[in-house]
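Novice: First the structure, which I've put down as structure tokens, then a few questions once you've had a look.
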Amino acid sequence: MLHGKVLRVMWSHRDSEARRSGIGNVFVKNLSDSIDNVRLQGMFQKCGDIWSRKVVMTEDGKSKGYGFVQFESEECANAAIEKLNGSHVEGKKIYVGKFVRKNDRVLPNPDAKYTNLYFKNLDPDVTEEVLQEKFFEFGKIASLVISKDENGMPKGFGFVNFESPKDHKRPLEALNGSQLGSKVLYVARAQKKAERERLLRLHFEEKRKEQILKFKGSNVYVKNIDGDVNDDDLREHFSLCGKITSAKLMRDHKGISRGFGFVCFPTPDEASKAVNTFHGGTCFTESHCMRMAIAQRKEDRQAQVQLQYAQRMAALAGPSTPVIPGGVSHSSSCCCTSKTGLDASALKF
């Protein structure tokens, strides 16, 4: 302990890839409250050399019931999982498994059994008793709660937990989308925060890819834009080339123009027309000469720059020098002549 905080001490490892790879890292949960870092070390040290171990604590120093053990090798980690997973420590059956990063965790099977449901879009006057009656038709309820704010006012959503997994499908089919008071009730399987975030990321990526494919070749990148120009000015200026889907001037966190933006057209032909018409022209003032091109994804730009760099380097290097048998190049042959036209073999020193 140092100033009220538990110190974590481990061997230094300069290889950052080894630290981030997750190799040899074990996740442990369902630990007794009395298990600390030292006792966690004692539990696992017979399985191999340990680089670090940690029981996750709350701010007031209480165990959260789970932790991590980093072994020197994957073989040691596998031995620990085989030996300790499912074992009982201080009356609790612990789980020991390979650590998996949040982004790499597999989403639950849609057909997986579960008992906890999430509901939202509640009127403020809907009580837990009303919902108890609604959900009780479909099976025995272990618990039901409407979330409330710090003032005790309902937040409009909550959770219901059934005793049996077989009772979860019927309320989903019957109540989701049904009218409750003045609002349409939403009911779905309750999800952990990490699962929701991953689903949202996947949804966002799909939408992003759709947008990229939809407007591929139709989005124009414009730079050297005067600081007084706004989105409406940009839209009006480029409307001469066709219908504008969107016009966006990029700004910093203070709202100041960054001098570049994007104009999106419905078709690639209109975008090409805009580039051919306005590239190199002045934008609203004579002092700014606009530069523009068809917008590219960051990955595509980087690949193009790398290709151009490789081509330039190849051009600078020139053709490879031919080598005659014996490993002597033509440029170093004794048959070459000097700038004076004399045979090199005739020179005397």
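Note on naming: chains are A, B, ... as they come in the structure tokens, residues start from 1 per chain, ligands start from 1 in the order shown.
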Find the residues near stretch 132-143 of chain A: any atom within 8 Å, counting only C-alpha atoms, skip ones fewer than 4 places away on the same chain, and give them as a list of chain:residue names.
Specialist: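 Neighbouring residues, sequence-local ones excluded: A:Glu128, A:Val160, A:Asn161, A:Phe162, A:Glu163, A:Ser164, A:Asp167, A:His168, A:Arg170, A:Pro171.
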Novice: Would you put the residues from that selection into a file with all heavy atoms, as a CSV table (one decimal), in the first residue's frame?
Specialist:
```
chain,number,residue,atom,x,y,z
A,128,GLU,N,-44.5,-0.6,-11.8
A,128,GLU,CA,-44.0,-1.9,-11.8
A,128,GLU,C,-45.1,-2.9,-11.6
A,128,GLU,O,-45.1,-4.0,-12.2
A,128,GLU,CB,-43.0,-2.1,-10.7
A,128,GLU,CG,-41.7,-1.3,-11.0
A,128,GLU,CD,-40.7,-1.4,-9.8
A,128,GLU,OE1,-41.0,-2.1,-8.8
A,128,GLU,OE2,-39.5,-0.9,-10.0
A,160,VAL,N,-36.9,-7.2,-16.8
A,160,VAL,CA,-37.7,-8.2,-16.1
A,160,VAL,C,-37.0,-9.5,-16.3
A,160,VAL,O,-36.4,-9.8,-17.4
A,160,VAL,CB,-39.1,-8.3,-16.7
A,160,VAL,CG1,-39.1,-8.6,-18.2
A,160,VAL,CG2,-39.9,-9.5,-16.1
A,161,ASN,N,-36.8,-10.3,-15.2
A,161,ASN,CA,-36.1,-11.5,-15.2
A,161,ASN,C,-37.0,-12.7,-14.9
A,161,ASN,O,-37.7,-12.7,-13.8
A,161,ASN,CB,-35.0,-11.4,-14.2
A,161,ASN,CG,-34.0,-12.6,-14.3
A,161,ASN,OD1,-33.9,-13.2,-15.4
A,161,ASN,ND2,-33.2,-12.9,-13.3
A,162,PHE,N,-37.1,-13.6,-15.8
A,162,PHE,CA,-38.0,-14.8,-15.6
A,162,PHE,C,-37.2,-15.9,-14.9
A,162,PHE,O,-36.0,-16.0,-15.0
A,162,PHE,CB,-38.5,-15.3,-16.9
A,162,PHE,CG,-39.6,-14.4,-17.6
A,162,PHE,CD1,-39.2,-13.4,-18.4
A,162,PHE,CD2,-40.9,-14.6,-17.2
A,162,PHE,CE1,-40.2,-12.6,-19.0
A,162,PHE,CE2,-41.9,-13.7,-17.8
A,162,PHE,CZ,-41.5,-12.7,-18.7
A,163,GLU,N,-37.9,-16.8,-14.2
A,163,GLU,CA,-37.3,-17.9,-13.5
A,163,GLU,C,-36.8,-19.0,-14.5
A,163,GLU,O,-35.8,-19.6,-14.3
A,163,GLU,CB,-38.2,-18.5,-12.5
A,163,GLU,CG,-38.5,-17.6,-11.3
A,163,GLU,CD,-39.3,-18.3,-10.3
A,163,GLU,OE1,-39.7,-19.5,-10.5
A,163,GLU,OE2,-39.6,-17.7,-9.2
A,164,SER,N,-37.5,-19.1,-15.6
A,164,SER,CA,-37.2,-20.2,-16.6
A,164,SER,C,-36.8,-19.6,-18.0
A,164,SER,O,-37.5,-18.7,-18.4
A,164,SER,CB,-38.3,-21.2,-16.8
A,164,SER,OG,-38.1,-22.1,-17.8
A,167,ASP,N,-39.5,-19.1,-20.9
A,167,ASP,CA,-40.6,-18.2,-20.8
A,167,ASP,C,-40.2,-16.8,-21.5
A,167,ASP,O,-41.0,-15.9,-21.4
A,167,ASP,CB,-40.9,-17.9,-19.3
A,167,ASP,CG,-41.5,-19.1,-18.6
A,167,ASP,OD1,-42.1,-19.9,-19.3
A,167,ASP,OD2,-41.2,-19.2,-17.4
A,168,HIS,N,-39.0,-16.7,-22.1
A,168,HIS,CA,-38.6,-15.4,-22.6
A,168,HIS,C,-39.2,-15.1,-24.0
A,168,HIS,O,-39.3,-13.9,-24.3
A,168,HIS,CB,-37.1,-15.3,-22.6
A,168,HIS,CG,-36.4,-16.1,-23.7
A,168,HIS,ND1,-36.1,-17.4,-23.6
A,168,HIS,CD2,-36.1,-15.7,-25.0
A,168,HIS,CE1,-35.6,-17.8,-24.8
A,168,HIS,NE2,-35.6,-16.8,-25.6
A,170,ARG,N,-42.1,-15.8,-25.6
A,170,ARG,CA,-43.5,-15.4,-25.7
A,170,ARG,C,-43.8,-14.0,-25.4
A,170,ARG,O,-44.5,-13.3,-26.2
A,170,ARG,CB,-44.4,-16.3,-24.8
A,170,ARG,CG,-44.5,-17.8,-25.3
A,170,ARG,CD,-45.2,-18.6,-24.3
A,170,ARG,NE,-46.6,-18.1,-24.0
A,170,ARG,CZ,-47.2,-18.2,-22.9
A,170,ARG,NH1,-46.6,-18.8,-21.9
A,170,ARG,NH2,-48.4,-17.8,-22.7
A,171,PRO,N,-43.2,-13.4,-24.3
A,171,PRO,CA,-43.4,-11.9,-24.2
A,171,PRO,C,-42.7,-11.1,-25.2
A,171,PRO,O,-43.2,-10.0,-25.6
A,171,PRO,CB,-42.8,-11.7,-22.8
A,171,PRO,CG,-41.9,-12.8,-22.5
A,171,PRO,CD,-42.5,-14.0,-23.2
```
Novice: Write down as a ChimeraX atom specification the residues belonging to stretch 34-166 of chain A that are assigned strand (DSSP E or B) by DSSP computed on the backbone.
Specialist: /A:50-57,63-71,88-89,92-93,95-98,116-120,141-148,154-162
Novice: Just asking: which residues within stretch 114-324 of chain A are helix (DSSP H, G or I) according to DSSP, as number ranges by chain?
Specialist: A: 128-136, 165-167, 169-175, 193-214, 231-241, 268-278, 298-317
Novice: Measuring atom to atom with only C-alpha atoms, identify which of A:Asp33, A:Glu72, A:Asp269, A:Glu206 is nearest to A:Gly91.
Specialist: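 Among A:Asp33, A:Glu72, A:Asp269, A:Glu206, it is A:Asp33 that comes nearest to A:Gly91.
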Novice: Find the spatial neighbours of A:Phe157, counting only C-alpha atoms, within a cut-off of 10 Å - ignore same-chain residues fewer than 6 positions away - and output them as number ranges by chain.
Specialist: A: 118-124, 145-148, 185-187
Novice: Rounded to one decimal place, report the atom CA of A:Phe238-atom CA of A:Ile256 distance in Å.
Specialist: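 If I compute the distance from atom CA of A:Phe238 to atom CA of A:Ile256, I get 21.6 Å.
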Novice: Nearest residue to A:Gln211 out of A:Gly255, A:Arg297, A:Val229, A:Gly181, using only C-alpha atoms?
Specialist: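 Answer, going by the shortest atom-to-atom distance: A:Arg297.
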Novice: Name the residues in contact with A:Asp36 at a cut-off of 9 Å, using only C-alpha atoms, excluding same-chain residues fewer than 6 positions from it; report them as a PDB file with all heavy atoms, in the first residue's frame.
Specialist:
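result_30.pdb was written with the following content:
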```
ATOM      1  N   LYS A  54      -3.294  -9.867 -10.989  1.00  0.00           N
ATOM      2  CA  LYS A  54      -4.050  -8.714 -10.510  1.00  0.00           C
ATOM      3  C   LYS A  54      -5.484  -9.110 -10.191  1.00  0.00           C
ATOM      4  O   LYS A  54      -6.176  -9.690 -11.019  1.00  0.00           O
ATOM      5  CB  LYS A  54      -4.061  -7.607 -11.563  1.00  0.00           C
ATOM      6  CG  LYS A  54      -4.896  -6.389 -11.199  1.00  0.00           C
ATOM      7  CD  LYS A  54      -4.921  -5.388 -12.327  1.00  0.00           C
ATOM      8  CE  LYS A  54      -5.775  -4.178 -11.984  1.00  0.00           C
ATOM      9  NZ  LYS A  54      -5.842  -3.213 -13.099  1.00  0.00           N
ATOM     10  N   VAL A  55      -5.924  -8.784  -8.988  1.00  0.00           N
ATOM     11  CA  VAL A  55      -7.338  -8.872  -8.626  1.00  0.00           C
ATOM     12  C   VAL A  55      -7.919  -7.474  -8.804  1.00  0.00           C
ATOM     13  O   VAL A  55      -7.409  -6.511  -8.239  1.00  0.00           O
ATOM     14  CB  VAL A  55      -7.526  -9.357  -7.172  1.00  0.00           C
ATOM     15  CG1 VAL A  55      -9.005  -9.327  -6.790  1.00  0.00           C
ATOM     16  CG2 VAL A  55      -6.961 -10.759  -6.996  1.00  0.00           C
ATOM     17  N   VAL A  56      -8.962  -7.355  -9.599  1.00  0.00           N
ATOM     18  CA  VAL A  56      -9.563  -6.045  -9.874  1.00  0.00           C
ATOM     19  C   VAL A  56     -10.323  -5.575  -8.640  1.00  0.00           C
ATOM     20  O   VAL A  56     -11.132  -6.319  -8.074  1.00  0.00           O
ATOM     21  CB  VAL A  56     -10.496  -6.118 -11.097  1.00  0.00           C
ATOM     22  CG1 VAL A  56     -11.120  -4.754 -11.370  1.00  0.00           C
ATOM     23  CG2 VAL A  56      -9.718  -6.596 -12.318  1.00  0.00           C
ATOM     24  N   SER A  63     -12.580  -6.282  -3.448  1.00  0.00           N
ATOM     25  CA  SER A  63     -12.456  -7.112  -4.650  1.00  0.00           C
ATOM     26  C   SER A  63     -13.755  -7.122  -5.451  1.00  0.00           C
ATOM     27  O   SER A  63     -14.850  -7.177  -4.898  1.00  0.00           O
ATOM     28  CB  SER A  63     -12.094  -8.545  -4.254  1.00  0.00           C
ATOM     29  OG  SER A  63     -12.196  -9.415  -5.367  1.00  0.00           O
TER      30      SER A  63
END
```
Novice: With only C-alpha atoms as the atoms that count, which of A:Phe204, A:Phe68, A:Tyr221, A:Phe262 lies nearest to A:Gln41?
Specialist: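 Distance minimum relative to A:Gln41 lands on A:Phe68.
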Novice: Just give me the gap between atom CA of A:Lys223 and atom CA of A:Ser239 in Å, one decimal is fine.
Specialist: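 It comes out at 17.3 Å.
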